[in-house]
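Below is work.txt, holding compact mmCIF, C-alpha atoms and all ligand atoms.
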# COMPACT_ATOMS: atom_id res chain seq x y z
CA MET H 1 -43.64 -6.94 14.90
CA PRO H 2 -41.40 -9.12 12.65
CA ILE H 3 -38.23 -7.54 11.30
CA GLY H 4 -38.73 -6.22 7.80
CA ASP H 5 -42.39 -5.46 8.44
CA THR H 6 -43.18 -2.57 6.14
CA GLN H 7 -46.06 -1.18 8.19
CA ARG H 8 -45.90 2.60 7.99
CA ARG H 9 -45.21 4.58 11.14
CA THR H 10 -46.66 7.99 11.79
CA LEU H 11 -44.10 10.76 12.22
CA VAL H 12 -45.13 12.84 15.26
CA LEU H 13 -43.74 16.39 15.38
CA ARG H 14 -44.33 18.75 18.33
CA VAL H 15 -45.21 22.30 17.46
CA GLY H 16 -45.49 25.32 19.70
CA LYS H 17 -43.49 28.47 19.70
CA GLY H 18 -39.94 28.63 18.44
CA GLN H 19 -37.56 27.55 15.71
CA GLU H 20 -38.45 23.83 15.54
CA THR H 21 -42.05 24.76 14.83
CA GLY H 22 -41.06 26.36 11.53
CA ASP H 23 -39.02 23.28 10.59
CA ALA H 24 -41.81 20.88 11.58
CA ILE H 25 -44.40 22.81 9.58
CA GLU H 26 -42.08 22.93 6.56
CA ARG H 27 -41.53 19.15 6.76
CA ALA H 28 -45.26 18.44 7.09
CA ALA H 29 -46.02 20.84 4.21
CA GLU H 30 -43.56 18.96 2.00
CA LEU H 31 -45.37 15.69 2.84
CA LEU H 32 -48.69 17.32 1.84
CA ARG H 33 -47.23 18.51 -1.48
CA GLN H 34 -46.03 14.94 -2.16
CA GLY H 35 -49.55 13.59 -1.68
CA GLY H 36 -49.14 12.49 1.97
CA LEU H 37 -51.60 12.60 4.85
CA VAL H 38 -50.88 15.03 7.69
CA ALA H 39 -52.97 15.49 10.84
CA PHE H 40 -52.81 18.98 12.32
CA PRO H 41 -54.46 21.04 15.07
CA THR H 42 -57.17 23.55 14.24
CA GLU H 43 -59.04 25.74 16.73
CA THR H 44 -62.03 23.34 16.55
CA VAL H 45 -60.69 19.75 16.39
CA TYR H 46 -57.69 18.03 14.78
CA GLY H 47 -57.97 17.68 11.00
CA LEU H 48 -56.58 14.99 8.69
CA GLY H 49 -55.17 16.92 5.74
CA ALA H 50 -54.35 16.11 2.13
CA ASP H 51 -53.78 18.26 -0.97
CA ALA H 52 -57.39 18.96 -2.05
CA THR H 53 -56.37 19.19 -5.72
CA ASN H 54 -54.71 15.73 -5.70
CA MET H 55 -57.33 13.01 -6.20
CA ALA H 56 -55.07 10.15 -5.06
CA ALA H 57 -54.14 12.02 -1.88
CA VAL H 58 -57.81 12.72 -1.11
CA GLU H 59 -58.63 9.03 -1.66
CA GLY H 60 -56.04 8.33 1.05
CA ILE H 61 -58.14 10.29 3.57
CA PHE H 62 -61.18 8.09 2.92
CA ARG H 63 -59.03 4.94 3.29
CA ALA H 64 -57.31 6.01 6.50
CA LYS H 65 -60.60 7.03 8.14
CA GLU H 66 -62.67 4.18 6.61
CA ARG H 67 -65.03 6.96 5.63
CA PRO H 68 -67.70 6.44 2.94
CA HIS H 69 -67.35 8.59 -0.17
CA SER H 70 -70.87 9.93 0.40
CA ASP H 71 -69.53 12.15 3.21
CA PRO H 72 -67.93 15.33 1.74
CA LEU H 73 -64.72 16.94 3.02
CA ILE H 74 -64.11 20.56 4.03
CA VAL H 75 -61.38 22.42 2.10
CA HIS H 76 -59.15 24.62 4.25
CA LEU H 77 -57.47 27.82 3.02
CA ALA H 78 -54.78 30.01 4.60
CA ASP H 79 -56.62 33.20 3.66
CA ALA H 80 -60.07 34.34 2.52
CA SER H 81 -58.50 36.01 -0.53
CA GLU H 82 -57.97 32.48 -1.97
CA LEU H 83 -61.70 31.69 -1.86
CA LEU H 84 -62.20 31.69 -5.64
CA THR H 85 -59.43 29.11 -6.11
CA VAL H 86 -61.82 26.48 -4.67
CA ALA H 87 -65.30 28.02 -5.12
CA ALA H 88 -66.66 28.76 -8.60
CA GLU H 89 -68.44 31.85 -7.28
CA ALA H 90 -69.11 33.59 -3.99
CA PRO H 91 -72.17 35.80 -3.30
CA PRO H 92 -71.72 39.09 -1.39
CA ALA H 93 -72.91 37.34 1.80
CA ALA H 94 -69.95 34.93 1.56
CA TRP H 95 -67.47 37.80 1.47
CA GLU H 96 -69.21 39.55 4.35
CA LEU H 97 -69.19 36.39 6.47
CA ALA H 98 -65.57 35.74 5.53
CA GLY H 99 -64.69 39.28 6.64
CA ARG H 100 -66.42 38.82 9.99
CA CYS H 101 -65.80 35.18 10.86
CA TRP H 102 -62.56 34.11 9.14
CA PRO H 103 -60.14 32.99 10.24
CA GLY H 104 -62.43 30.96 12.49
CA PRO H 105 -64.86 28.07 13.00
CA LEU H 106 -67.26 28.73 10.09
CA THR H 107 -67.54 26.54 6.97
CA LEU H 108 -69.34 27.99 3.94
CA ILE H 109 -70.96 25.76 1.33
CA LEU H 110 -70.52 27.32 -2.12
CA PRO H 111 -70.55 26.19 -5.77
CA ARG H 112 -67.44 24.03 -6.37
CA SER H 113 -64.63 25.14 -8.67
CA GLU H 114 -63.30 22.66 -11.23
CA ALA H 115 -59.91 22.86 -9.46
CA ILE H 116 -61.42 20.72 -6.69
CA PRO H 117 -62.04 17.09 -7.69
CA ALA H 118 -65.57 15.74 -7.21
CA VAL H 119 -64.37 13.09 -4.72
CA VAL H 120 -63.77 15.90 -2.18
CA ALA H 121 -67.46 16.84 -2.32
CA ALA H 122 -69.16 13.44 -2.46
CA GLY H 123 -69.61 13.99 -6.20
CA GLY H 124 -71.80 17.05 -5.66
CA PRO H 125 -71.70 20.51 -7.28
CA THR H 126 -70.72 22.32 -4.06
CA VAL H 127 -67.70 22.63 -1.79
CA GLY H 128 -67.32 23.34 1.93
CA VAL H 129 -64.62 25.94 2.63
CA ARG H 130 -63.08 27.43 5.74
CA VAL H 131 -60.06 29.42 6.91
CA PRO H 132 -59.02 28.03 10.30
CA SER H 133 -57.58 30.42 12.90
CA HIS H 134 -55.08 28.05 14.55
CA PRO H 135 -51.59 29.39 13.71
CA VAL H 136 -50.24 25.87 13.01
CA ALA H 137 -53.10 25.12 10.60
CA ARG H 138 -52.66 28.41 8.75
CA GLY H 139 -48.87 28.06 8.70
CA LEU H 140 -49.14 24.54 7.31
CA ILE H 141 -51.62 25.46 4.55
CA ARG H 142 -49.60 28.51 3.58
CA ALA H 143 -46.33 26.54 3.48
CA ALA H 144 -47.95 23.73 1.45
CA GLY H 145 -49.19 26.26 -1.09
CA VAL H 146 -52.29 24.16 -1.87
CA PRO H 147 -55.85 24.07 -0.51
CA VAL H 148 -56.05 21.34 2.15
CA ALA H 149 -58.99 18.93 2.34
CA ALA H 150 -59.38 17.90 5.97
CA PRO H 151 -62.11 16.04 7.82
CA SER H 152 -61.77 15.53 11.57
CA ALA H 153 -58.81 13.18 12.24
CA ASN H 154 -60.77 10.26 13.69
CA ARG H 155 -61.98 6.92 12.34
CA PHE H 156 -65.40 7.28 10.75
CA THR H 157 -68.21 7.59 13.38
CA HIS H 158 -65.72 7.88 16.25
CA THR H 159 -65.59 10.92 18.51
CA SER H 160 -63.63 13.82 16.94
CA PRO H 161 -60.08 14.32 18.31
CA THR H 162 -59.22 17.38 20.39
CA THR H 163 -55.69 16.24 21.32
CA ALA H 164 -52.80 14.56 19.46
CA GLU H 165 -53.27 11.48 21.66
CA HIS H 166 -56.83 11.12 20.36
CA VAL H 167 -55.54 11.23 16.77
CA LEU H 168 -52.95 8.51 17.44
CA ALA H 169 -55.53 6.32 19.18
CA ASP H 170 -57.52 6.24 15.92
CA LEU H 171 -54.96 6.68 13.13
CA ASP H 172 -51.42 5.74 14.27
CA GLY H 173 -49.66 3.94 11.42
CA ARG H 174 -52.38 4.97 8.94
CA ILE H 175 -51.16 8.49 8.26
CA ASP H 176 -47.74 9.96 7.41
CA CYS H 177 -47.42 12.71 9.97
CA LEU H 178 -49.07 14.33 12.99
CA LEU H 179 -48.36 17.86 14.15
CA ASP H 180 -48.93 17.87 17.92
CA GLY H 181 -50.01 21.38 18.92
CA GLY H 182 -51.70 20.51 22.21
CA PRO H 183 -55.44 20.58 22.94
CA CYS H 184 -57.91 22.43 20.68
CA ALA H 185 -59.54 25.59 22.06
CA VAL H 186 -63.09 25.30 20.68
CA GLY H 187 -63.55 21.54 20.98
CA VAL H 188 -66.49 21.02 18.58
CA GLU H 189 -66.41 21.14 14.77
CA SER H 190 -67.09 24.29 12.76
CA THR H 191 -70.54 25.70 12.02
CA VAL H 192 -71.53 24.62 8.48
CA LEU H 193 -73.62 27.21 6.59
CA ASP H 194 -75.07 26.40 3.16
CA LEU H 195 -75.09 29.54 1.00
CA THR H 196 -76.23 27.70 -2.15
CA VAL H 197 -79.87 27.60 -1.00
CA GLU H 198 -82.37 30.38 -0.35
CA PRO H 199 -82.75 31.09 2.50
CA PRO H 200 -79.27 29.93 3.58
CA ARG H 201 -79.30 27.19 6.21
CA VAL H 202 -77.09 25.98 9.00
CA LEU H 203 -76.38 22.29 8.36
CA ARG H 204 -74.28 21.84 11.49
CA PRO H 205 -74.27 24.20 14.51
CA GLY H 206 -70.91 25.25 15.94
CA ALA H 207 -69.04 28.01 17.74
CA VAL H 208 -70.18 30.66 15.25
CA THR H 209 -73.69 30.69 16.68
CA LEU H 210 -77.01 30.89 14.89
CA GLU H 211 -77.69 34.14 16.78
CA ALA H 212 -74.43 35.66 15.49
CA LEU H 213 -75.12 34.56 11.90
CA ARG H 214 -78.66 36.01 12.07
CA GLU H 215 -77.26 39.45 12.85
CA LEU H 216 -75.86 39.43 9.33
CA LEU H 217 -78.41 37.18 7.55
CA PRO H 218 -81.70 37.49 9.48
CA GLY H 219 -83.54 34.93 7.34
CA ILE H 220 -81.27 31.90 7.72
CA LEU H 221 -82.72 28.60 8.87
CA GLY H 222 -81.34 26.73 11.86
CA PRO H 223 -80.65 22.99 11.70
CA ALA H 224 -84.00 22.02 13.30
CA GLU H 225 -86.08 24.21 10.94
CA ALA H 226 -83.98 22.97 8.05
CA SER H 227 -84.65 19.29 8.74
CA ALA H 228 -88.33 19.83 9.57
CA THR H 229 -88.88 21.44 6.18
CA THR H 230 -86.39 19.38 4.24
CA SER H 231 -87.62 17.13 1.48
CA ARG H 232 -85.92 13.89 0.52
CA ALA H 233 -84.26 15.56 -2.47
CA ASP H 234 -82.98 18.32 -0.24
CA MET H 235 -81.55 15.81 2.22
CA ALA H 236 -79.21 14.65 -0.52
CA ARG H 237 -77.83 18.21 -0.44
CA ALA H 238 -76.86 17.81 3.23
CA PRO H 239 -74.72 14.69 3.03
CA GLY H 240 -72.70 13.44 5.97
CA GLN H 241 -75.38 14.47 8.46
CA MET H 242 -76.17 10.95 9.62
CA GLU H 243 -77.45 10.54 13.13
CA ARG H 244 -74.88 8.14 14.55
CA HIS H 245 -71.74 10.23 14.56
CA TYR H 246 -69.21 11.37 17.15
CA ALA H 247 -70.17 8.17 18.94
CA PRO H 248 -68.52 6.34 21.85
CA GLN H 249 -68.75 2.54 22.15
CA THR H 250 -70.46 2.72 25.55
CA ARG H 251 -74.25 3.11 25.72
CA LEU H 252 -75.12 6.75 26.20
CA VAL H 253 -78.27 8.16 27.83
CA ILE H 254 -78.81 11.89 27.32
CA PHE H 255 -81.47 13.85 29.21
CA ASP H 256 -82.65 16.80 27.17
CA ALA H 257 -82.85 19.19 30.11
CA GLN H 258 -80.67 21.13 32.50
CA GLY H 259 -80.71 22.23 36.12
CA GLU H 260 -82.71 20.49 38.88
CA ALA H 261 -84.95 18.53 36.52
CA ALA H 262 -82.00 17.07 34.60
CA LEU H 263 -80.15 16.15 37.78
CA ALA H 264 -83.19 14.44 39.32
CA ALA H 265 -83.70 12.35 36.17
CA LEU H 266 -80.01 11.55 36.00
CA ARG H 267 -79.92 10.51 39.66
CA ALA H 268 -82.93 8.20 39.24
CA GLU H 269 -81.39 6.58 36.16
CA ALA H 270 -78.01 6.18 37.89
CA GLU H 271 -79.57 4.59 40.99
CA GLY H 272 -81.49 2.10 38.85
CA ALA H 273 -78.41 1.14 36.89
CA VAL H 274 -76.20 0.82 39.98
CA ASN H 275 -78.86 -1.40 41.60
CA ARG H 276 -78.73 -3.68 38.56
CA GLY H 277 -74.99 -4.00 39.17
CA GLU H 278 -74.00 -1.75 36.26
CA ARG H 279 -70.95 0.51 36.17
CA VAL H 280 -72.15 4.03 35.52
CA GLY H 281 -70.35 7.12 34.24
CA ALA H 282 -71.59 10.70 34.00
CA LEU H 283 -70.60 13.91 32.24
CA LEU H 284 -71.32 16.70 34.72
CA ALA H 285 -70.77 20.41 35.12
CA ASP H 286 -68.48 21.29 38.05
CA GLU H 287 -71.41 22.68 40.09
CA GLU H 288 -73.30 19.40 39.72
CA VAL H 289 -70.69 16.97 40.99
CA ASP H 290 -71.43 17.49 44.70
CA MET H 291 -75.18 17.37 44.10
CA LEU H 292 -74.82 13.78 42.93
CA GLY H 293 -72.53 12.81 45.82
CA GLY H 294 -73.07 9.41 47.45
CA LEU H 295 -73.70 7.66 44.11
CA ALA H 296 -71.22 5.12 42.71
CA LEU H 297 -70.49 7.21 39.61
CA THR H 298 -67.38 7.66 37.49
CA VAL H 299 -67.52 11.38 36.73
CA GLU H 300 -65.86 13.50 34.04
CA ARG H 301 -66.16 17.23 34.69
CA LEU H 302 -67.07 19.58 31.85
CA GLY H 303 -66.25 22.85 33.63
CA SER H 304 -68.75 25.41 34.88
CA GLN H 305 -72.28 25.25 33.48
CA ARG H 306 -72.07 29.04 33.13
CA ASP H 307 -69.15 28.70 30.69
CA LEU H 308 -70.35 26.82 27.62
CA ALA H 309 -67.06 27.51 25.83
CA GLU H 310 -65.39 25.42 28.52
CA VAL H 311 -68.06 22.71 28.27
CA SER H 312 -67.60 22.42 24.49
CA ARG H 313 -63.80 22.50 24.82
CA ARG H 314 -63.87 19.53 27.21
CA LEU H 315 -66.80 17.57 25.77
CA TYR H 316 -65.05 15.13 23.40
CA ALA H 317 -62.07 14.45 25.69
CA ALA H 318 -64.48 13.73 28.54
CA LEU H 319 -66.54 11.37 26.36
CA ARG H 320 -63.40 9.54 25.22
CA ALA H 321 -62.12 9.30 28.81
CA LEU H 322 -65.37 7.71 30.05
CA ASP H 323 -65.58 5.49 26.97
CA ALA H 324 -62.13 4.06 27.80
CA GLN H 325 -63.28 2.87 31.25
CA GLY H 326 -65.37 -0.10 30.14
CA LEU H 327 -68.54 1.26 31.75
CA ASP H 328 -72.02 -0.11 31.07
CA VAL H 329 -73.64 3.27 30.55
CA ILE H 330 -72.71 6.96 30.36
CA LEU H 331 -75.28 9.55 31.51
CA ALA H 332 -75.31 13.21 30.46
CA HIS H 333 -77.66 16.14 29.96
CA THR H 334 -77.89 19.04 27.54
CA PHE H 335 -77.05 22.72 28.22
CA GLY H 336 -79.93 24.45 26.47
CA THR H 337 -80.08 25.33 22.79
CA GLU H 338 -79.00 28.96 22.91
CA GLY H 339 -75.61 30.12 21.65
CA LEU H 340 -72.98 27.43 21.92
CA GLY H 341 -75.58 25.28 23.74
CA LEU H 342 -77.01 24.30 20.34
CA ALA H 343 -73.71 22.81 19.14
CA ILE H 344 -73.33 20.89 22.43
CA TRP H 345 -76.96 19.70 22.14
CA ASP H 346 -76.35 18.54 18.55
CA ARG H 347 -73.13 16.60 19.35
CA LEU H 348 -74.65 14.92 22.43
CA ARG H 349 -77.70 13.88 20.42
CA ARG H 350 -75.58 12.40 17.62
CA ALA H 351 -73.26 10.66 20.10
CA ALA H 352 -76.38 8.93 21.45
CA GLY H 353 -77.45 7.83 17.95
CA GLY H 354 -80.06 10.58 17.60
CA GLU H 355 -82.02 9.72 20.76
CA MET H 356 -82.50 11.83 23.85
CA ARG H 357 -84.78 11.40 26.88
CA GLN H 358 -87.30 14.17 27.41
CA VAL H 359 -87.66 15.32 31.01
CA ASP H 360 -90.95 16.76 32.20
CA ALA H 361 -89.78 19.59 34.46
CA ALA H 362 -93.28 20.19 35.86
CA ALA H 363 -93.74 16.53 36.84
CA GLN H 364 -90.31 16.51 38.45
CA ALA H 365 -91.15 19.62 40.48
CA ASP H 366 -94.47 18.04 41.62
CA SER H 367 -92.92 14.80 42.77
CA HIS H 368 -90.38 16.70 44.85
CA GLY H 369 -92.68 19.36 46.26
O1 LIG H 401 -64.14 22.16 12.41
C1 LIG H 401 -64.20 21.47 11.40
O2 LIG H 401 -65.01 21.70 10.49
C2 LIG H 401 -63.23 20.28 11.29
C3 LIG H 401 -61.81 20.85 11.18
C4 LIG H 401 -60.79 19.80 10.90
O3 LIG H 401 -61.78 21.87 10.22
N1 LIG H 401 -63.55 19.47 10.16
C5 LIG H 401 -64.63 18.65 10.16
O4 LIG H 401 -64.76 17.88 9.02
O5 LIG H 401 -65.41 18.57 11.07
P1 LIG H 401 -65.70 16.60 8.93
O6 LIG H 401 -65.29 15.92 7.70
O7 LIG H 401 -65.62 15.81 10.17
O8 LIG H 401 -67.13 17.18 8.71
C6 LIG H 401 -67.47 17.72 7.47
C7 LIG H 401 -68.94 17.86 7.34
C8 LIG H 401 -69.56 16.78 6.46
O9 LIG H 401 -69.87 15.62 7.20
C9 LIG H 401 -70.80 17.49 5.95
O10 LIG H 401 -71.80 17.41 6.93
C10 LIG H 401 -70.34 18.94 5.85
O11 LIG H 401 -69.23 19.09 6.67
N2 LIG H 401 -69.95 19.26 4.46
C11 LIG H 401 -68.72 19.33 3.93
N3 LIG H 401 -68.78 19.62 2.61
C12 LIG H 401 -70.08 19.75 2.31
C13 LIG H 401 -70.81 20.03 1.11
N4 LIG H 401 -70.19 20.28 -0.04
N5 LIG H 401 -72.17 20.07 1.18
C14 LIG H 401 -72.81 19.85 2.36
N6 LIG H 401 -72.18 19.58 3.51
C15 LIG H 401 -70.83 19.51 3.50
MG MG H 402 -65.92 14.37 11.44

Let me see whether you can do it: turn the structure in this file into C-alpha cells.
Amino acid sequence: MPIGDTQRRTLVLRVGKGQETGDAIERAAELLRQGGLVAFPTETVYGLGADATNMAAVEGIFRAKERPHSDPLIVHLADASELLTVAAEAPPAAWELAGRCWPGPLTLILPRSEAIPAVVAAGGPTVGVRVPSHPVARGLIRAAGVPVAAPSANRFTHTSPTTAEHVLADLDGRIDCLLDGGPCAVGVESTVLDLTVEPPRVLRPGAVTLEALRELLPGILGPAEASATTSRADMARAPGQMERHYAPQTRLVIFDAQGEAALAALRAEAEGAVNRGERVGALLADEEVDMLGGLALTVERLGSQRDLAEVSRRLYAALRALDAQGLDVILAHTFGTEGLGLAIWDRLRRAAGGEMRQVDAAAQADSHG
C-alpha cells in the first residue's frame, strides 16, 4: 500500500471479562454515537451496528455490506422497556413475548415509530426489534445510549459471521471497529415474527422455535404456511426473504432427508462426483463421519446429530471452512423440521439457492434390502 494511502483500517478490540472490556465497549459506543460502524458479537451471529436514529450512519451499513435498500434492518435495544422508543405501538402479545424471550434470539415486527428513519425499514411502515442477550451487545447498546440498527456483519448474500475472523474476511477496512468476543453461541440468526398481521407469522425460523411461540400464540403461521398462502402484495411485507442468501461460492447439494436414506443418497452423489475427478466436501454429523469412510471427502463436522444446538452453532463456520478449500461441490443433508431443525433446514435451503434434493426413503430401503 503506498504511503499516504487514506484507506480506513478497522480497529479490532478484544472483549471478554475484565477491565479492558469496559474500556473497549466505551470506545466502540463513542464511535457509534459519532455515526461510525461497529461490528459486535450477539448470541446469534455478529452484527454490524450503527445509530438507528442517524440516517447517514445507517446509509453506511448499506454501503459497507453492498446491501440493497429493499432489505430492512433489525433495531437492537438494551432492554425491553425501551420498546416504544422504536415501535409506534406494541400489542399485549409483544409485551408477553418480550417478557418470555428477551433478551434473546427473537425479532418482533411492529409498527415503526417516527424516531426510526424509513431507510432502516426499507421504506415500510414497520420495524424489526430485538433485545440481544450477549453481554457485549447489551453493554454496547446501553453505553451508546441509542437504538442500534444491525444486520449480520457479512457482505450481502454471504454466509453470516459467527466469529470475528469471519467479519474481517468480509468487512476489514470497510467498518470503523470490531469487538471480538469469540464465537457466537446460537450460530443462526434470530427468529423473525411479524405481529402486524393477523394471524401473526414467522418470517424467518430461528432458535426461538415455532413450537415455543405456539405455546403463547397458538394460531401463528410458520414460514411454509405463510409463503404458501402469501399473495404478491403480502410478499412485499416480507422483504429481504430472497432465496439466495447465506450462500457460499462453491456449488452446494442439499438432500432433504436424514439418517440412512440421506447418507445413501449422499454417498451415491459423492462417488459420482469423485469418479468425474471432482473435489468433494461434506457437512456431516459426528456419528456419520465413519459411515462414509473410504470416500475421498473433505469433511466438516457439525457435532452430534442429537444436539441440534451444536449443529446450528457450527453450521456457518463449517460452510465457510469448506467454501475456502476450492472444492467443486459441497454435500449436506437436513436435520428434520422440528424445533431448531427448521432453522437449520431454512438456512441450508437458502445457502443452496432455494433448491434441495428430495430423497425417497422407501425406494432407498428397497434398493438396499
Ligand atoms: O440474529 C439476528 O437477527 C442478527 C443479529 C445481528 O441480531 N441480525 C440479522 O439481521 O440477521 P439481517 O439484516 O441479516 O436480517 C434481517 C432480516 C431481513 O432480511 C428481513 O427478512 C427481516 O429481518 N426484517 C427486518 N426488518 C423487517 C421488517 N420491518 N419487516 C419484515 N422483515 C424484516
Ligand atoms: Mg443477514

Separation of atom CA of H:Thr44 and atom CA of H:Ile330, in Å?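 It comes out at 23.9 Å.
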
Nearest to ligand LIG 401 (chain H), chosen from H:Val280, H:Leu84, H:Ala343, H:Leu97, with only C-alpha atoms and all ligand atoms counted in the distances: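 Closest to ligand LIG 401 (chain H), using only C-alpha atoms and all ligand atoms: H:Ala343.
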
List the neighbours of H:Glu338 out to 10 Å using all atoms listed in the file; skip same-chain residues closer than 6 positions along the sequence, and give me the result as a PyMOL selection string. chain H and resi 209-211+344-345

What's the separation between atom CA of H:Glu89 and atom CA of H:Cys101, in Å to one decimal place?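 Atom CA of H:Cys101 lies at a distance of 18.6 Å from atom CA of H:Glu89.
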
Best match for closeness to H:Gly22 among H:Ala296, H:Val45, H:Leu179, H:Ala98, counting all atoms listed in the file: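 Of H:Ala296, H:Val45, H:Leu179, H:Ala98, the one nearest H:Gly22, counting all atoms listed in the file, is H:Leu179.
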
Nearest candidate to H:Met55 (options H:Val359, H:Ala261, H:Val15, H:Ala118; using only C-alpha atoms): H:Ala118

File output for stretch 182-219 of chain H (C-alpha atoms) as an mmCIF file, in the first residue's frame:
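Final output, saved to selection.cif:
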data_model
loop_
_atom_site.group_PDB
_atom_site.id
_atom_site.type_symbol
_atom_site.label_atom_id
_atom_site.label_comp_id
_atom_site.auth_asym_id
_atom_site.auth_seq_id
_atom_site.Cartn_x
_atom_site.Cartn_y
_atom_site.Cartn_z
ATOM 1 C CA GLY H 182 -15.199 -15.027 20.364
ATOM 2 C CA PRO H 183 -17.621 -17.412 18.638
ATOM 3 C CA CYS H 184 -21.405 -16.936 18.826
ATOM 4 C CA ALA H 185 -23.408 -19.451 20.874
ATOM 5 C CA VAL H 186 -26.559 -19.862 18.744
ATOM 6 C CA GLY H 187 -24.984 -19.656 15.297
ATOM 7 C CA VAL H 188 -28.078 -18.844 13.185
ATOM 8 C CA GLU H 189 -29.946 -15.526 13.000
ATOM 9 C CA SER H 190 -32.910 -14.661 15.220
ATOM 10 C CA THR H 191 -36.465 -15.876 14.667
ATOM 11 C CA VAL H 192 -38.429 -13.075 12.941
ATOM 12 C CA LEU H 193 -42.103 -12.880 13.984
ATOM 13 C CA ASP H 194 -44.470 -10.424 12.272
ATOM 14 C CA LEU H 195 -47.017 -9.127 14.798
ATOM 15 C CA THR H 196 -48.537 -6.599 12.376
ATOM 16 C CA VAL H 197 -50.603 -9.274 10.582
ATOM 17 C CA GLU H 198 -53.426 -11.492 11.809
ATOM 18 C CA PRO H 199 -52.632 -14.266 12.478
ATOM 19 C CA PRO H 200 -49.008 -13.378 13.284
ATOM 20 C CA ARG H 201 -46.446 -15.184 11.128
ATOM 21 C CA VAL H 202 -42.897 -16.356 11.413
ATOM 22 C CA LEU H 203 -40.953 -14.804 8.517
ATOM 23 C CA ARG H 204 -37.664 -16.462 9.437
ATOM 24 C CA PRO H 205 -37.281 -19.502 11.736
ATOM 25 C CA GLY H 206 -34.604 -19.372 14.432
ATOM 26 C CA ALA H 207 -33.637 -20.561 17.895
ATOM 27 C CA VAL H 208 -36.939 -19.410 19.412
ATOM 28 C CA THR H 209 -38.829 -22.287 17.821
ATOM 29 C CA LEU H 210 -42.249 -22.309 16.199
ATOM 30 C CA GLU H 211 -43.334 -24.845 18.835
ATOM 31 C CA ALA H 212 -42.287 -22.489 21.654
ATOM 32 C CA LEU H 213 -44.038 -19.498 20.051
ATOM 33 C CA ARG H 214 -47.237 -21.550 19.575
ATOM 34 C CA GLU H 215 -47.438 -22.202 23.309
ATOM 35 C CA LEU H 216 -48.132 -18.495 23.676
ATOM 36 C CA LEU H 217 -49.820 -17.730 20.321
ATOM 37 C CA PRO H 218 -51.435 -20.991 19.127
ATOM 38 C CA GLY H 219 -52.635 -19.528 15.816
#
